[in-house]
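K.L.:
Got coords.cif for you, mmCIF, C-alpha atoms:
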data_coords
#
loop_
_atom_site.label_atom_id
_atom_site.label_comp_id
_atom_site.auth_asym_id
_atom_site.auth_seq_id
_atom_site.Cartn_x
_atom_site.Cartn_y
_atom_site.Cartn_z
CA ALA R 1 75.07 -79.60 -44.33
CA PRO R 2 75.74 -82.53 -46.68
CA ALA R 3 74.43 -82.27 -50.21
CA THR R 4 70.98 -83.74 -50.74
CA GLU R 5 69.09 -84.65 -53.87
CA TYR R 6 65.37 -84.00 -54.29
CA VAL R 7 63.35 -85.31 -57.24
CA SER R 8 59.80 -84.18 -57.98
CA THR R 9 57.46 -85.21 -60.80
CA VAL R 10 54.82 -82.75 -61.96
CA ALA R 11 52.17 -83.24 -64.64
CA CYS R 12 52.45 -80.66 -67.43
CA VAL R 13 50.15 -79.32 -70.12
CA GLY R 14 51.63 -79.01 -73.59
CA GLY R 15 51.53 -75.85 -75.68
CA VAL R 16 51.80 -73.35 -72.81
CA THR R 17 54.63 -71.71 -70.85
CA LEU R 18 55.95 -73.49 -67.76
CA GLU R 19 57.29 -71.38 -64.91
CA VAL R 20 59.51 -73.05 -62.30
CA ALA R 21 60.01 -71.16 -59.03
CA VAL R 22 62.64 -72.19 -56.46
CA ALA R 23 62.54 -70.73 -52.94
CA GLN R 24 64.50 -71.40 -49.77
CA TRP R 25 62.74 -73.11 -46.87
CA TRP R 26 61.69 -70.57 -44.24
CA MET R 27 63.73 -72.31 -41.52
CA SER R 28 66.91 -72.37 -43.60
CA LEU R 29 69.40 -69.66 -42.67
CA GLY R 30 72.12 -68.22 -44.83
CA GLU R 31 72.79 -68.84 -48.49
CA THR R 32 72.05 -72.05 -50.35
CA GLU R 33 73.79 -73.36 -53.45
CA LEU R 34 71.85 -75.63 -55.74
CA ASP R 35 71.84 -77.12 -59.21
CA VAL R 36 68.50 -77.50 -60.97
CA ARG R 37 67.87 -79.95 -63.79
CA LEU R 38 64.57 -80.07 -65.66
CA ASP R 39 63.72 -83.09 -67.82
CA PHE R 40 60.56 -83.62 -69.84
CA PHE R 41 59.36 -87.19 -70.26
CA GLY R 42 56.24 -89.25 -70.55
CA LEU R 43 53.57 -89.77 -73.18
CA SER R 44 50.87 -87.55 -74.61
CA PRO R 45 47.57 -89.35 -75.39
CA SER R 46 45.37 -88.13 -78.24
CA VAL R 47 42.37 -87.95 -75.87
CA GLU R 48 42.21 -86.91 -72.22
CA GLN R 49 39.29 -89.22 -71.47
CA LEU R 50 38.78 -92.56 -73.18
CA THR R 51 35.17 -93.61 -73.75
CA LEU R 52 34.43 -97.32 -74.01
CA ASP R 53 31.28 -97.75 -76.06
CA GLY R 54 29.40 -100.95 -75.27
CA ARG R 55 28.29 -101.17 -78.91
CA THR R 56 31.88 -101.61 -80.15
CA LEU R 57 34.47 -104.29 -79.46
CA PHE R 58 37.28 -101.83 -78.71
CA SER R 59 38.17 -98.15 -78.54
CA SER R 60 41.32 -96.54 -79.92
CA LEU R 61 43.68 -93.67 -79.16
CA GLU R 62 47.19 -92.53 -80.12
CA LEU R 63 50.25 -92.17 -77.90
CA HIS R 64 52.94 -89.60 -78.70
CA SER R 65 56.40 -89.95 -77.12
CA PHE R 66 58.69 -86.98 -76.40
CA ARG R 67 61.77 -89.09 -75.74
CA ARG R 68 62.76 -92.75 -75.71
CA THR R 69 60.18 -94.27 -73.39
CA SER R 70 59.26 -97.76 -72.26
CA VAL R 71 55.49 -98.25 -72.31
CA GLU R 72 53.35 -100.92 -70.65
CA PRO R 73 49.74 -99.68 -70.47
CA GLU R 74 47.34 -100.94 -67.83
CA GLY R 75 44.05 -99.80 -66.39
CA SER R 76 40.78 -100.81 -64.84
CA LEU R 77 37.20 -99.65 -64.53
CA LYS R 78 36.05 -98.72 -61.03
CA THR R 79 32.80 -96.84 -61.70
CA LEU R 80 29.57 -97.85 -63.43
CA ARG R 81 27.69 -94.79 -64.70
CA ARG R 82 23.96 -94.68 -65.35
CA ALA R 83 21.92 -91.82 -66.82
CA CYS R 84 18.29 -91.26 -65.81
CA ARG R 85 15.61 -89.02 -67.25
CA PRO R 86 13.05 -87.37 -64.97
CA LEU R 87 9.76 -89.19 -64.57
CA GLN R 88 7.93 -86.04 -63.53
CA ALA R 89 8.48 -82.28 -63.76
CA LYS R 90 6.30 -79.81 -61.86
CA LEU R 91 6.33 -76.01 -61.76
CA VAL R 92 5.32 -74.68 -58.33
CA PRO R 93 3.92 -71.12 -58.17
CA PRO R 94 5.41 -68.61 -55.75
CA ALA R 95 4.34 -68.99 -52.14
CA ALA R 96 2.25 -66.18 -50.68
CA PRO R 97 3.64 -64.17 -47.74
CA CYS R 98 3.10 -65.78 -44.34
CA GLY R 99 0.79 -63.54 -42.29
CA ASP R 100 2.17 -60.12 -41.47
CA VAL R 101 5.78 -61.27 -41.64
CA GLY R 102 5.95 -60.73 -45.37
CA ILE R 103 8.18 -63.76 -45.95
CA GLY R 104 7.36 -65.63 -49.16
CA ASP R 105 8.21 -66.05 -52.81
CA ALA R 106 5.34 -64.02 -54.25
CA GLY R 107 6.13 -60.63 -55.76
CA VAL R 108 5.10 -58.25 -52.98
CA GLY R 109 6.19 -54.67 -52.75
CA GLY R 110 7.79 -54.66 -56.17
CA LYS R 111 9.86 -57.79 -55.50
CA THR R 112 10.36 -60.37 -58.27
CA PRO R 113 8.38 -63.59 -57.65
CA ILE R 114 10.40 -66.81 -57.36
CA TYR R 115 9.19 -70.09 -58.85
CA ASP R 116 10.14 -73.61 -57.78
CA TYR R 117 10.67 -76.48 -60.21
CA LEU R 118 10.52 -80.08 -58.94
CA LEU R 119 12.00 -82.99 -60.90
CA SER R 120 11.57 -86.64 -59.84
CA TYR R 121 13.91 -89.52 -60.78
CA LYS R 122 13.96 -93.21 -59.91
CA PHE R 123 16.64 -95.90 -60.04
CA ALA R 124 17.12 -99.39 -58.59
CA LEU R 125 20.06 -101.38 -57.24
CA LYS R 126 20.14 -105.17 -57.54
CA GLU R 127 22.78 -105.39 -54.83
CA ALA R 128 24.29 -103.18 -52.14
CA CYS R 129 26.84 -100.58 -53.21
CA GLU R 130 29.51 -98.99 -51.02
CA GLY R 131 29.68 -95.77 -53.02
CA VAL R 132 26.74 -94.20 -54.87
CA THR R 133 27.06 -90.67 -56.23
CA VAL R 134 24.13 -88.63 -57.53
CA ARG R 135 25.09 -85.89 -59.98
CA PHE R 136 23.54 -83.39 -62.34
CA PRO R 137 26.48 -82.64 -64.68
CA SER R 138 24.85 -79.57 -66.23
CA LEU R 139 24.49 -77.96 -62.79
CA SER R 140 27.15 -79.52 -60.54
CA ALA R 141 30.11 -77.52 -59.15
CA GLN R 142 28.39 -74.21 -59.93
CA LEU R 143 27.66 -72.07 -56.92
CA TYR R 144 27.95 -68.33 -57.53
CA GLU R 145 28.25 -68.93 -61.28
CA SER R 146 24.96 -70.81 -61.42
CA GLY R 147 22.15 -69.31 -63.48
CA TYR R 148 19.61 -70.50 -60.90
CA GLU R 149 18.87 -69.01 -57.50
CA ALA R 150 19.14 -72.35 -55.70
CA GLN R 151 19.15 -76.09 -56.20
CA LEU R 152 18.65 -78.92 -53.73
CA TRP R 153 18.25 -82.67 -54.22
CA ALA R 154 17.07 -85.33 -51.80
CA LEU R 155 17.40 -89.13 -51.93
CA PHE R 156 14.55 -91.34 -50.63
CA ASP R 157 14.17 -95.10 -50.31
CA ALA R 158 11.08 -97.12 -51.30
CA HIS R 159 9.47 -96.25 -47.94
CA LYS R 160 9.81 -92.48 -48.56
CA ARG R 161 12.52 -92.24 -45.91
CA LEU R 162 15.02 -89.42 -46.47
CA LEU R 163 18.53 -90.87 -46.78
CA ARG R 164 20.70 -88.09 -48.18
CA TRP R 165 20.53 -84.59 -49.56
CA GLY R 166 22.89 -82.31 -51.43
CA ASP R 167 23.22 -79.23 -53.57
CA TYR R 168 25.95 -78.15 -55.98
CA TYR R 169 28.65 -80.59 -54.87
CA VAL R 170 28.76 -84.37 -55.04
CA ASP R 171 29.50 -86.95 -52.36
CA LYS R 172 29.29 -90.73 -52.03
CA THR R 173 26.77 -92.63 -49.94
CA LYS R 174 26.31 -96.31 -49.10
CA LEU R 175 23.04 -97.88 -50.26
CA LYS R 176 21.41 -101.28 -49.92
CA ALA R 177 19.70 -103.17 -52.73
CA GLY R 178 16.30 -101.70 -53.55
CA GLU R 179 14.44 -98.92 -55.32
CA TYR R 180 15.23 -95.23 -54.79
CA GLU R 181 13.83 -91.85 -55.75
CA VAL R 182 15.67 -88.57 -56.17
CA ARG R 183 13.85 -85.23 -56.09
CA LEU R 184 15.57 -82.15 -57.44
CA GLN R 185 14.31 -78.66 -56.57
CA LEU R 186 15.40 -75.59 -58.55
CA ARG R 187 14.41 -71.93 -58.13
CA HIS R 188 14.28 -69.05 -60.61
CA ASP R 189 12.13 -66.02 -61.39
CA SER R 190 11.47 -67.20 -64.96
CA PRO R 191 9.10 -70.17 -65.44
CA ALA R 192 10.26 -70.55 -69.04
CA HIS R 193 13.89 -70.81 -67.90
CA LEU R 194 12.95 -73.54 -65.43
CA GLU R 195 10.86 -75.53 -67.87
CA LYS R 196 13.88 -75.87 -70.16
CA LEU R 197 15.10 -78.43 -67.61
CA LYS R 198 12.13 -80.77 -67.94
CA ASP R 199 14.40 -83.42 -69.53
CA LEU R 200 17.48 -82.70 -67.39
CA PRO R 201 19.42 -85.99 -67.04
CA MET R 202 20.65 -87.25 -63.69
CA VAL R 203 23.83 -89.33 -63.50
CA VAL R 204 24.25 -92.09 -60.92
CA ASP R 205 27.82 -93.31 -60.40
CA LEU R 206 28.17 -96.74 -58.77
CA GLN R 207 31.44 -97.87 -57.22
CA ILE R 208 32.26 -101.38 -58.46
CA ALA R 209 35.06 -103.90 -57.99
CA PRO R 210 37.92 -103.07 -60.42
CA VAL R 211 37.46 -104.58 -63.89
CA ALA R 212 40.82 -105.01 -65.63
CA LEU R 213 41.08 -103.71 -69.19
CA SER R 214 42.85 -105.43 -72.06
CA PHE R 215 45.26 -103.32 -74.15
CA HIS R 216 46.45 -104.13 -77.67
CA TRP R 217 48.88 -102.61 -80.18
CA SER R 218 46.91 -103.77 -83.25
CA ARG R 219 43.29 -104.11 -84.30
CA ALA R 220 43.81 -107.78 -85.13
CA SER R 221 45.00 -108.44 -81.59
CA ALA R 222 42.06 -106.50 -80.14
CA LEU R 223 39.69 -108.63 -82.22
CA ASP R 224 41.50 -111.79 -81.10
CA ASP R 225 42.07 -112.75 -84.74
CA PRO R 226 43.64 -116.26 -84.93
CA ALA R 227 45.46 -115.28 -88.13
CA ALA R 228 47.32 -112.56 -86.22
CA GLY R 229 49.33 -115.16 -84.33
CA PRO R 230 50.37 -114.90 -80.69
CA LYS R 231 49.66 -111.64 -78.93
CA PRO R 232 52.83 -109.50 -78.89
CA PRO R 233 54.31 -108.40 -75.54
CA LEU R 234 52.51 -105.47 -73.99
CA ARG R 235 55.73 -103.72 -72.95
CA ARG R 236 57.03 -101.66 -75.85
CA LEU R 237 59.88 -99.20 -76.39
CA LEU R 238 58.90 -96.01 -78.19
CA GLU R 239 61.53 -93.90 -79.91
CA PRO R 240 61.45 -90.08 -79.61
CA HIS R 241 58.63 -88.30 -81.46
CA THR R 242 56.83 -91.54 -82.27
CA ARG R 243 53.08 -91.92 -82.66
CA VAL R 244 51.50 -95.33 -82.13
CA ALA R 245 47.92 -96.54 -81.96
CA LEU R 246 46.66 -98.24 -78.81
CA HIS R 247 43.41 -100.22 -78.70
CA VAL R 248 41.43 -100.96 -75.54
CA ALA R 249 39.03 -103.89 -75.68
CA SER R 250 35.57 -103.36 -74.22
CA PRO R 251 35.10 -105.59 -71.16
CA ALA R 252 32.75 -108.51 -71.53
CA ALA R 253 29.36 -108.33 -69.87
CA PRO R 254 29.21 -110.23 -66.54
#
Any chance you could put this one into structure tokens?
P.N.:
Amino acid sequence: APATEYVSTVACVGGVTLEVAVAQWWMSLGETELDVRLDFFGLSPSVEQLTLDGRTLFSSLELHSFRRTSVEPEGSLKTLRRACRPLQAKLVPPAAPCGDVGIGDAGVGGKTPIYDYLLSYKFALKEACEGVTVRFPSLSAQLYESGYEAQLWALFDAHKRLLRWGDYYVDKTKLKAGEYEVRLQLRHDSPAHLEKLKDLPMVVDLQIAPVALSFHWSRASALDDPAAGPKPPLRRLLEPHTRVALHVASPAAP
């Protein structure tokens, strides 16, 4: 067969060992000759996640180059995140067994009683949103590792109609403009452990139209200082093992 060239780009984590394994395709018969070349390139930012604080005019980070690299940063915001505190927290005592069946949460026959904890949240949308995600960061993505027996949340509209429910994992839903309520139910055998969550924040992520960000190589440019002169070109060539500061201006309020 004629020689072919295959190029693959893989994100790496610095400071640890990288193992590269090469195997023959299961349908390939006989021996295969190959030449492997491994090149490291790209930039290493000083922070993995950049936080834009609305109380500041810009946020800063550093870029570190491994080799000679051309840089032209760009980015946009696609999610608006809101944090909500619970309006009400209620501890529900264990339910007594139902008749002779013996099914319930009360401690019968030496069993540990299970308590329920109900938290209520409210938020409003001024306009319809194609993607709304309800999250509880302190509890999300924990199933068997969770310290609680169970958790379940339900989303209701202003007419108490059930729209969506979920548990440990997050998913998007489409909502119209209006007021909404989220009820979170948690279960545990310790009332004190449940009541620690009375101020548990809920995060609501709203999908928005992309908002372009403005990048700058100097603080004066980020502040739009007239004395700084014309804004320099955004594309920049970084020499090997160079560290440069990059400033991201906070987007203006609509």
K.L.:
Give as a PyMOL selection string the residues that the PyMOL selection byres ((chain R and resi 190) around 12) matches when applied to the coordinates above.
P.N.:
chain R and resi 91-94+112-117+147-149+186-189+191-196
K.L.:
Could you tell me which residues the PyMOL selection byres ((chain R and resi 250) around 9) returns for this structure, as a list in words?
P.N.:
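Those residues are Leu52, Asp53, Gly54, Arg55, Thr56, Leu57, Phe58, Ser59, Leu213, Ser214, Val248, Ala249, Pro251 and Ala252 of chain R.
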K.L.:
Under the PyMOL selection byres ((chain R and resi 151) around 7), which residues of this model are included? Write them out as a ChimeraX atom specification.
P.N.:
/R:150,152-153,167,185-187
K.L.:
Using only C-alpha atoms, which residue out of R:Ala95, R:Leu43, R:Leu223, R:Leu80 lies closest to R:Cys12?
P.N.:
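That would be R:Leu43, the residue with the smallest distance to R:Cys12.
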K.L.:
Using atom CA of R:Arg183 and atom CA of R:Gln207 as the two end points, give the distance in Å to one decimal.
P.N.:
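Taking atom CA of R:Arg183 and atom CA of R:Gln207, their separation equals 21.7 Å.
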K.L.:
Between R:Phe66, R:Tyr121, R:Trp25, R:Phe41, which has the minimum distance to R:Val203 (counting only C-alpha atoms)?
P.N.:
R:Tyr121
K.L.:
What separation in Å, quoted to one decimal, exists between atom CA of R:Ser44 and atom CA of R:Arg243?
P.N.:
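That distance, rounded to one decimal, is 9.4 Å.
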